[in-house]
Amino acid sequence: MHLPWSTAFLQQHSDEKVLLILRRHWLVLFRFICELIGLSLLPMSFFITWYWLDWDIEKNSLIYIITVLFFSLYYLGVWLRFYYDWFDYYLDVWVVTDQRIIDVQQKGIFNRVVSELNIVKIQDVTSEVKGELQTFLDYGNVYVQTAGEQRRFIFQQVPHPQAVAQLVIHTNNEAIKRHPAEAKLE
Amino acid sequence: MSIPYYIFGIIYLVGLLVLGFFLLLNIYHIVRYGFFRLNGQLVTYLVLGVMLVILIATASLLMSVDWFTEFTIF
């Protein structure tokens, strides 16, 4: 498997194997879809009131033009917002390879942060599942602590956090076996 | 003082330009970072399709409007 953006800005090493590509759980996306439906239905109350009060609005009147233009922009804005939310969800990605972990975060439209750490430098991996919903749907956070730094990598709201943590630990152990000298440096 | 209806059309077009700018920026990011694959294409085409339907519906609802009609404020 190749990194999906290898042609864009991250170069996959020739001997590097991608083990896992993670995004946040689908429930996050589901919340955006619920928002889209809710915001789409909201003006319905206005149209129902309009219908019930039996307002007879002439098609060449100012109020008609303003109403149509306003709701047209409103619905375009709602769909653009959904597209932005989805885009934010889709472009946030964590990649675990047999050599490194890459954290790609889209922060707003103009900011994109890409961090990576050597898999050998990992010191501690913790998975966290909080609350009924996360337990029921099996998603949560995975914290990856590196040896030399205070900063942690956090895989937020990812599916199967325990399995992900185990995979990272296993990959770390394998990498240390392959590069013991590099691990000792830390 | 009288204002012609087309002023509202111009305000609407300015709004469209702003929305269009952000839409293109989002599409650019998805293509630029190599995510324009199956899922990316599906959602992008869905959003573009719905937006096109909204624009066509708006145009058809306002087709009979005489944009040079003026209304008096004062």
# chains A, B, ... in the order shown; residues from 1 in each chain; ligands from 1
$ interface_residues --of "chain A" --to "chain B" --cutoff "9 Å" --atoms "only C-alpha atoms" --output "PDB file with C-alpha atoms, in the first residue's frame"
ATOM      1  CA  PRO A   4      -2.232   8.275  -0.605  1.00  0.00           C
ATOM      2  CA  TRP A   5      -0.479  11.627  -0.969  1.00  0.00           C
ATOM      3  CA  SER A   6       2.991  10.355  -1.871  1.00  0.00           C
ATOM      4  CA  THR A   7       2.947  12.368  -5.102  1.00  0.00           C
ATOM      5  CA  ALA A   8       1.863  15.504  -3.278  1.00  0.00           C
ATOM      6  CA  PHE A   9       4.278  16.228  -0.474  1.00  0.00           C
ATOM      7  CA  LYS A  59     -43.916  36.703  -7.874  1.00  0.00           C
ATOM      8  CA  ASN A  60     -42.608  40.106  -8.833  1.00  0.00           C
ATOM      9  CA  SER A  61     -42.649  41.548  -5.331  1.00  0.00           C
ATOM     10  CA  LEU A  62     -39.611  42.579  -3.333  1.00  0.00           C
ATOM     11  CA  TYR A  64     -40.520  37.257  -2.850  1.00  0.00           C
ATOM     12  CA  ILE A  65     -37.165  38.137  -4.454  1.00  0.00           C
ATOM     13  CA  ILE A  66     -35.430  38.667  -1.113  1.00  0.00           C
ATOM     14  CA  VAL A  68     -35.739  33.332  -2.711  1.00  0.00           C
ATOM     15  CA  LEU A  69     -32.257  34.901  -2.821  1.00  0.00           C
ATOM     16  CA  PHE A  70     -31.803  34.571   0.948  1.00  0.00           C
ATOM     17  CA  PHE A  71     -32.774  30.896   1.072  1.00  0.00           C
ATOM     18  CA  SER A  72     -30.722  30.145  -2.022  1.00  0.00           C
ATOM     19  CA  LEU A  73     -27.602  31.562  -0.332  1.00  0.00           C
ATOM     20  CA  TYR A  75     -28.782  26.385   1.346  1.00  0.00           C
ATOM     21  CA  LEU A  76     -25.579  26.939  -0.629  1.00  0.00           C
ATOM     22  CA  GLY A  77     -23.909  27.974   2.634  1.00  0.00           C
ATOM     23  CA  TRP A  79     -23.867  22.569   1.782  1.00  0.00           C
ATOM     24  CA  LEU A  80     -20.560  24.414   1.688  1.00  0.00           C
ATOM     25  CA  PHE A  82     -20.986  20.320   5.169  1.00  0.00           C
ATOM     26  CA  TYR A  83     -18.315  20.069   2.470  1.00  0.00           C
ATOM     27  CA  TYR A  84     -15.871  21.929   4.719  1.00  0.00           C
ATOM     28  CA  TRP A  86     -16.250  16.573   5.578  1.00  0.00           C
ATOM     29  CA  PHE A  87     -13.021  17.994   4.094  1.00  0.00           C
ATOM     30  CA  TYR A  90     -11.189  13.507   5.408  1.00  0.00           C
ATOM     31  CA  LEU A  91      -7.878  15.374   5.432  1.00  0.00           C
ATOM     32  CA  ILE A 109      -8.647  26.072   5.280  1.00  0.00           C
TER      33      ILE A 109
END
$ select_by_dssp --residues "range 22-117 of chain A" --states "strand (DSSP E)" --output "ChimeraX atom specification"
/A:22,93-97,100-107,111-117
$ write_last_selection --atoms "N, CA and C atoms" --output "short mmCIF file (atom, residue, chain, number, x, y, z; two decimals), in the first residue's frame"
data_model
loop_
_atom_site.label_atom_id
_atom_site.label_comp_id
_atom_site.auth_asym_id
_atom_site.auth_seq_id
_atom_site.Cartn_x
_atom_site.Cartn_y
_atom_site.Cartn_z
N LEU A 22 -5.44 5.81 9.39
CA LEU A 22 -6.57 6.04 10.31
C LEU A 22 -7.20 7.39 10.11
N VAL A 93 -5.54 12.77 9.05
CA VAL A 93 -5.22 11.34 8.90
C VAL A 93 -3.96 10.98 9.68
N TRP A 94 -3.95 9.77 10.21
CA TRP A 94 -2.76 9.25 10.88
C TRP A 94 -2.32 8.01 10.11
N VAL A 95 -1.03 7.94 9.85
CA VAL A 95 -0.50 6.80 9.10
C VAL A 95 0.56 6.11 9.94
N VAL A 96 0.38 4.81 10.12
CA VAL A 96 1.39 4.02 10.84
C VAL A 96 2.10 3.17 9.80
N THR A 97 3.39 3.35 9.73
CA THR A 97 4.18 2.49 8.83
C THR A 97 5.15 1.69 9.69
N ARG A 100 7.70 4.77 10.78
CA ARG A 100 7.32 6.04 11.41
C ARG A 100 5.81 6.15 11.58
N ILE A 101 5.44 7.16 12.34
CA ILE A 101 4.02 7.53 12.46
C ILE A 101 3.89 8.94 11.91
N ILE A 102 2.92 9.14 11.05
CA ILE A 102 2.73 10.45 10.43
C ILE A 102 1.36 10.98 10.85
N ASP A 103 1.35 12.20 11.32
CA ASP A 103 0.13 12.84 11.79
C ASP A 103 -0.14 14.04 10.87
N VAL A 104 -1.22 13.98 10.13
CA VAL A 104 -1.56 15.07 9.22
C VAL A 104 -2.85 15.72 9.71
N GLN A 105 -2.77 16.98 10.06
CA GLN A 105 -3.94 17.69 10.59
C GLN A 105 -4.24 18.91 9.74
N GLN A 106 -5.46 18.98 9.26
CA GLN A 106 -5.92 20.17 8.54
C GLN A 106 -6.57 21.08 9.57
N LYS A 107 -6.00 22.25 9.79
CA LYS A 107 -6.57 23.18 10.78
C LYS A 107 -7.11 24.39 10.03
N ASN A 111 -4.36 26.23 7.12
CA ASN A 111 -3.29 25.64 7.92
C ASN A 111 -3.30 24.13 7.85
N ARG A 112 -2.15 23.59 7.56
CA ARG A 112 -2.01 22.14 7.49
C ARG A 112 -0.72 21.78 8.22
N VAL A 113 -0.85 20.90 9.22
CA VAL A 113 0.32 20.52 10.03
C VAL A 113 0.62 19.05 9.80
N VAL A 114 1.84 18.77 9.41
CA VAL A 114 2.27 17.39 9.19
C VAL A 114 3.43 17.11 10.14
N SER A 115 3.24 16.13 11.04
CA SER A 115 4.32 15.77 11.96
C SER A 115 4.59 14.28 11.78
N GLU A 116 5.82 13.92 12.04
CA GLU A 116 6.11 12.50 11.98
C GLU A 116 7.12 12.14 13.05
N LEU A 117 7.06 10.89 13.50
CA LEU A 117 8.06 10.45 14.48
C LEU A 117 8.55 9.07 14.10
#
$ residues_around --residues "Val120 in chain A" --least-positions-apart "3" --cutoff "9 Å" --atoms "only C-alpha atoms" --output "compact mmCIF listing (two decimals) with C-alpha atoms, in the first residue's frame"
# COMPACT_ATOMS: atom_id res chain seq x y z
CA GLN A 99 9.29 3.02 10.20
CA ARG A 100 7.32 6.04 11.41
CA LEU A 117 8.06 10.45 14.48
CA GLN A 123 8.21 4.96 24.70
CA THR A 146 7.92 9.61 22.43
CA THR A 171 5.60 -2.36 15.33
CA ASN A 172 7.79 -0.48 17.83
CA ASN A 173 9.15 -3.78 19.24
CA GLU A 174 9.87 -5.09 15.75
CA ALA A 175 11.61 -1.84 14.79
CA ILE A 176 13.79 -1.95 17.95
CA HIS A 179 17.59 -1.16 14.78
CA PRO A 180 18.81 -1.79 18.37
CA GLU A 182 19.09 3.58 17.20
CA ALA A 183 16.83 2.62 20.11
CA GLU A 186 17.32 7.39 23.16
$ residues_around --residues "Leu41 in chain A" --least-positions-apart "6" --cutoff "12 Å" --atoms "only C-alpha atoms" --output "PyMOL selection string"
chain A and resi 34-35+47-48+71+74-75+78
$ atom_distance --atom1 "CA of Tyr143 in chain A" --atom2 "CA of Gln157 in chain A"
11.0 Å
$ atom_distance --atom1 "CA of His25 in chain A" --atom2 "CA of Val158 in chain A"
5.1 Å
$ atom_distance --atom1 "CA of Ile122 in chain A" --atom2 "CA of Ile169 in chain A"
8.3 Å
